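*Asks:* Have a look at the structure that comes next, please.
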Amino acid sequence: MLLGAQVAIFVVGILFLVRGKGLGKKGVVHPQYRWLGGFLLTALPLTLVSGFLLGFAWGLTHMNQAPEQVNQDLTLPVFAMEAGIVLVYGIIASIWESSIRRKAADVSAGAV
């Protein structure tokens with residue numbers, strides 16, 4: 001389920017970046033959607049880099065552990081880290097997207 005959420009963030013980021021408008025039938029066009037899409041595309045590299053750094057730091061501090069023990073010890077921290085990244089990105093994207101919708105509605109209401 002966590003991987004599905006991360007893939008969804010990545011796909012929505014690509015859609016925002018390419019289309020430059022919101023999702024749905026009433027998706028508004030606004031240039032900040034491209035910025036939001038670029039931001040959402042950084043979730044996957046951030047997860048990979050932070051996972052690598054966590055594993056590297058763990059390996060330096062626990063050099064004499066068996067690989068099975070390392071796998072068992074790192075399962076929960078890596079899951080929590082990935083869940084935290086997905087949760088934070090989801091919250092930021094939701095707030096940012098609602099701000100973009102509000103800005104686009106203000107512009108369109110002022111133009112009428």
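Quick note on naming: the chains in the structure tokens go A, B, ... in the order shown, residues restart at 1 in each chain, and ligands are numbered from 1 in order of appearance.
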Using only C-alpha atoms, determine which residues lie at most 9 Å from A:Ile85, disregarding the query and same-chain residues fewer than 3 positions distant; provide the list as a count of residues only.
*Replies:* 9
*Asks:* Rank nothing, just name the residue among A:Ala57, A:Ile9, A:Ala83, A:Met1 nearest to A:Val70, using only C-alpha atoms.
*Replies:* A:Ala57
*Asks:* Applying 12 Å and only C-alpha atoms, which residues near A:Lys26 remain after dropping the ones on its own chain fewer than 5 positions away? List them as a PDB file with all heavy atoms, in the first residue's frame.
*Replies:*
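Final file, around29.pdb:
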ATOM      1  N   LYS A  21      -2.092  21.610 -15.270  1.00  0.00           N
ATOM      2  CA  LYS A  21      -3.414  21.887 -14.721  1.00  0.00           C
ATOM      3  C   LYS A  21      -3.788  20.797 -13.730  1.00  0.00           C
ATOM      4  O   LYS A  21      -3.142  19.763 -13.655  1.00  0.00           O
ATOM      5  CB  LYS A  21      -4.461  22.003 -15.817  1.00  0.00           C
ATOM      6  CG  LYS A  21      -4.830  20.722 -16.518  1.00  0.00           C
ATOM      7  CD  LYS A  21      -5.945  20.984 -17.531  1.00  0.00           C
ATOM      8  CE  LYS A  21      -6.643  19.707 -17.884  1.00  0.00           C
ATOM      9  NZ  LYS A  21      -7.819  19.933 -18.699  1.00  0.00           N
ATOM     10  N   ARG A 101      -5.577  26.128  -6.470  1.00  0.00           N
ATOM     11  CA  ARG A 101      -6.991  26.247  -6.874  1.00  0.00           C
ATOM     12  C   ARG A 101      -7.587  27.575  -6.416  1.00  0.00           C
ATOM     13  O   ARG A 101      -8.329  28.215  -7.146  1.00  0.00           O
ATOM     14  CB  ARG A 101      -7.808  25.101  -6.305  1.00  0.00           C
ATOM     15  CG  ARG A 101      -7.662  23.812  -7.046  1.00  0.00           C
ATOM     16  CD  ARG A 101      -8.671  22.804  -6.500  1.00  0.00           C
ATOM     17  NE  ARG A 101      -8.419  21.505  -7.051  1.00  0.00           N
ATOM     18  CZ  ARG A 101      -9.071  21.019  -8.122  1.00  0.00           C
ATOM     19  NH1 ARG A 101      -9.988  21.744  -8.701  1.00  0.00           N
ATOM     20  NH2 ARG A 101      -8.782  19.820  -8.570  1.00  0.00           N
ATOM     21  N   ALA A 104      -6.194  30.365  -8.608  1.00  0.00           N
ATOM     22  CA  ALA A 104      -6.805  30.329  -9.943  1.00  0.00           C
ATOM     23  C   ALA A 104      -8.246  30.812  -9.895  1.00  0.00           C
ATOM     24  O   ALA A 104      -8.705  31.497 -10.814  1.00  0.00           O
ATOM     25  CB  ALA A 104      -6.749  28.914 -10.511  1.00  0.00           C
ATOM     26  N   ALA A 105      -8.962  30.495  -8.823  1.00  0.00           N
ATOM     27  CA  ALA A 105     -10.337  30.968  -8.685  1.00  0.00           C
ATOM     28  C   ALA A 105     -10.379  32.469  -8.480  1.00  0.00           C
ATOM     29  O   ALA A 105     -11.263  33.156  -9.013  1.00  0.00           O
ATOM     30  CB  ALA A 105     -11.032  30.259  -7.520  1.00  0.00           C
TER      31      ALA A 105
END
*Asks:* Write out as a VMD selection string the residues lying within 9 Å of A:Gln32, counting only C-alpha atoms and excluding same-chain residues fewer than 4 positions away.
*Replies:* chain A and resid 20 to 21 36 to 37 97 100
*Asks:* Work out how far apart atom CA of A:Val49 and atom CA of A:Pro77 are and give it in Å to one decimal.
*Replies:*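 Computing the Euclidean distance for atom CA of A:Val49 and atom CA of A:Pro77 yields 14.4 Å.
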*Asks:* Suppose you want the space between atom CA of A:Met63 and atom CA of A:Gly84; what is it in Å?
*Replies:*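 Taking atom CA of A:Met63 as the start and atom CA of A:Gly84 as the end point, the length is 27.0 Å.
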